[in-house]
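Reading through the structure tokens given below for one structure.
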Amino acid sequence: MSYECVFCIIRSFEKLLKIHPIKEELKDDIVTNFLSYISSVDFKQPTPEIAREIHSMIKDYLNNPDPYKSEKKANNEFLLKLYPELKEKVTQSENPFKTALRLSIAGNIVDYAACQEFDIIETINHVLTSEFGINHSELLKQEIEKAQTILYLGDNAGEIVLDKLFLETLNHPNVYFAVKDKPIINDATIEDANFVGINNIAKIISNGYDAPSTIIEKASGEFLDIYNKADLIISKGQGNFEGLINNNHKNLFFLLMVKCDVIGRLIGVNKGDFVVIKN
């Protein structure tokens, strides 16, 4: 974690206090506990681990294990309504793989941690005509064609509808789709993945942990078994990128929209760029 992440986390925490129905008389205690936690943070931790702790505080104060449940449902339903139109866009395009891949990355904008406000329609229109900051999509396509087993690391609810469209376009016979073990922010869970129909095209599994990322050290044995045997891993989103950036899996691709300057500098692109990059 960079020192710059601390300031971003503080701003995000302030937004959390404003958007969630927390009693005013509790906010002083919450901020005190938050500052105490931040002062003791080990900067060697990945940022998503810190986000997990902060959102756990909010869940405890709200006495609500899934504060974003209604938002997740609304985003799943909204993208499912768009799905038939986007499916036709893919099937009618000159390059269905390229179009479906771009739409999947556009879905990465649906993020209540990094983007309190977003416009999915605008992002979809933008991604279809943009030059990517880094584009290893042809290499990814080659690896998909060779892979016997693919592990796809899902990110957010709503976004996973566009992942479904991409996976349908791949039409690969052996795909595992990994989601978070329990609700964390608006990350997808098994319930979300089943709701949008990913169970019809992939085997849905939990990664065994509830950080907004994939943290290998905290993952379940079931997940690690599939992770280690997969010929190809496709990781969606900045959170998964932050958790896996130092991972040495032989065939790991990241698909994401870059949402902060720290990650942009790390990759060598600008904030807001779309990226397909092999680890």
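Chain labels follow the order of the structure tokens: the first chain is A, the next B, and so on; residue numbering restarts at 1 in every chain, and ligands are counted from 1 in their shown order.
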
> Hey, what's within 8 Å of segment 196-205 of chain A if we count only C-alpha atoms and toss same-chain stuff fewer than 5 positions away? As a PyMOL selection string, please?
Replying inline: chain A and resi 76+80+160-161+164+167-168+174-179+190+223

> Which residues, written as an MDAnalysis selection string, have at least one atom at most 12 Å from Gln148 of chain A, with only C-alpha atoms counted and residues fewer than 5 positions away on the same chain left out?
Replying inline: chainID A and resid 143 172:176 229:233

Generate a file of the selected residues that holds N, CA and C atoms, formatted as a PDB file, in the first residue's frame.
```
ATOM      1  N   GLU A 143      -4.335 -17.716 -25.415  1.00  0.00           N
ATOM      2  CA  GLU A 143      -4.240 -18.545 -24.214  1.00  0.00           C
ATOM      3  C   GLU A 143      -5.586 -19.205 -23.890  1.00  0.00           C
ATOM      4  N   HIS A 172     -16.191 -21.629 -23.665  1.00  0.00           N
ATOM      5  CA  HIS A 172     -15.195 -22.606 -23.209  1.00  0.00           C
ATOM      6  C   HIS A 172     -15.879 -23.651 -22.332  1.00  0.00           C
ATOM      7  N   PRO A 173     -15.516 -24.923 -22.474  1.00  0.00           N
ATOM      8  CA  PRO A 173     -16.248 -25.982 -21.765  1.00  0.00           C
ATOM      9  C   PRO A 173     -15.904 -26.150 -20.290  1.00  0.00           C
ATOM     10  N   ASN A 174     -14.842 -25.497 -19.809  1.00  0.00           N
ATOM     11  CA  ASN A 174     -14.405 -25.764 -18.435  1.00  0.00           C
ATOM     12  C   ASN A 174     -13.941 -24.474 -17.750  1.00  0.00           C
ATOM     13  N   VAL A 175     -14.915 -23.704 -17.285  1.00  0.00           N
ATOM     14  CA  VAL A 175     -14.631 -22.419 -16.639  1.00  0.00           C
ATOM     15  C   VAL A 175     -15.147 -22.444 -15.206  1.00  0.00           C
ATOM     16  N   TYR A 176     -14.303 -22.008 -14.271  1.00  0.00           N
ATOM     17  CA  TYR A 176     -14.715 -21.756 -12.894  1.00  0.00           C
ATOM     18  C   TYR A 176     -14.846 -20.249 -12.710  1.00  0.00           C
ATOM     19  N   LYS A 229      -4.325 -25.425 -10.392  1.00  0.00           N
ATOM     20  CA  LYS A 229      -4.403 -26.330 -11.537  1.00  0.00           C
ATOM     21  C   LYS A 229      -4.897 -25.640 -12.810  1.00  0.00           C
ATOM     22  N   ALA A 230      -5.425 -24.430 -12.694  1.00  0.00           N
ATOM     23  CA  ALA A 230      -5.952 -23.735 -13.866  1.00  0.00           C
ATOM     24  C   ALA A 230      -4.835 -23.393 -14.853  1.00  0.00           C
ATOM     25  N   ASP A 231      -5.097 -23.604 -16.126  1.00  0.00           N
ATOM     26  CA  ASP A 231      -4.131 -23.235 -17.167  1.00  0.00           C
ATOM     27  C   ASP A 231      -4.100 -21.726 -17.392  1.00  0.00           C
ATOM     28  N   LEU A 232      -5.233 -21.086 -17.094  1.00  0.00           N
ATOM     29  CA  LEU A 232      -5.371 -19.651 -17.346  1.00  0.00           C
ATOM     30  C   LEU A 232      -6.247 -19.043 -16.271  1.00  0.00           C
ATOM     31  N   ILE A 233      -5.804 -17.897 -15.742  1.00  0.00           N
ATOM     32  CA  ILE A 233      -6.609 -17.145 -14.781  1.00  0.00           C
ATOM     33  C   ILE A 233      -6.896 -15.769 -15.369  1.00  0.00           C
TER      34      ILE A 233
END
```

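Closest approach to Ile215 of chain A among A:Ile50, A:Ala106, A:Val31, A:Ile144 is made by A:Ile50 (distances from only C-alpha atoms).
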
> Residues of segment 46-261 of chain A in strand (DSSP E or B) according to DSSP, as a list of chain:residue names?
Replying inline: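 Going through segment 46-261 of chain A, the strand (DSSP E or B) residues come out as A:Ile134, A:Asn135, A:Ile150, A:Leu151, A:Tyr152, A:Leu153, A:Asn156, A:Val175, A:Tyr176, A:Phe177, A:Ala178, A:Val179, A:Asp187, A:Lys203, A:Ile204, A:Ile205, A:Ser206, A:Leu232, A:Ile233, A:Ile234, A:Ser235, A:Lys236, A:Leu252, A:Phe253, A:Phe254, A:Leu255, A:Leu256, A:Met257.
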
>> So that I can check the surroundings of Val41 of chain A, please list as a list in words every protein, DNA and RNA residue that reaches within 12 Å of it, counting only C-alpha atoms and ignoring chain neighbours fewer than 3 positions away.
In response: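 Everything that qualifies: Met1, Ser2, Tyr3, Cys5, Val6, Ile9, Phe34, Leu35, Ser36, Tyr37, Ile38, Lys44, Gln45, Pro46, Thr47, Glu49, Ile50, Ala51, Glu53 and Ile54 of chain A.
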
> Could you pull out the alpha helix (DSSP H) residues of segment 52-158 of chain A from DSSP and send them as number ranges by chain?
Replying inline: A: 52-62, 69-92, 96-106, 120-127, 137-146

> Could you state the separation of atom CA of Asn63 of chain A and atom CA of Lys23 of chain A in Å, given to one decimal place?
Replying inline: 12.1 Å

> Which of these residues is nearest to Lys59 of chain A, using only C-alpha atoms: A:Thr214, A:Gly221, A:Lys141, A:Pro183?
Replying inline: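 Among the listed residues, A:Pro183 lies closest to Lys59 of chain A.
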
>> With distances taken over only C-alpha atoms, which residue among A:Glu145, A:Ser56, A:Tyr61, A:Leu82 lies nearest Asp210 of chain A?
In response: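 Checking each of A:Glu145, A:Ser56, A:Tyr61, A:Leu82 against Asp210 of chain A, counting only C-alpha atoms, the winner is A:Ser56.
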
> Which is closest to Tyr83 of chain A among A:Thr32, A:Asn228, A:Asn246, A:Ser104, if we use only C-alpha atoms?
Replying inline: A:Ser104

> In Å to one decimal, how far is atom CA of Gly264 of chain A from atom CA of Asn125 of chain A?
Replying inline: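 Distance reported for this atom pair: 21.9 Å.
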
> Quick one: of A:Phe166, A:Tyr68, A:Phe241, A:Phe97, who's nearest to Gln142 of chain A, counting only C-alpha atoms?
Replying inline: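 Nearest to Gln142 of chain A: A:Phe97.
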
>> Please list as a PyMOL selection string every residue within 10 Å of Ala219 of chain A, counting only C-alpha atoms and excluding residues in the same chain fewer than 6 positions away.
In response: chain A and resi 180-181+206-210+227

>> Using only C-alpha atoms, can you tell me which of A:Leu162, A:Ile19, A:Met57, A:Ile245 comes closest to Ala100 of chain A?
In response: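 Checking each of A:Leu162, A:Ile19, A:Met57, A:Ile245 against Ala100 of chain A, counting only C-alpha atoms, the winner is A:Leu162.
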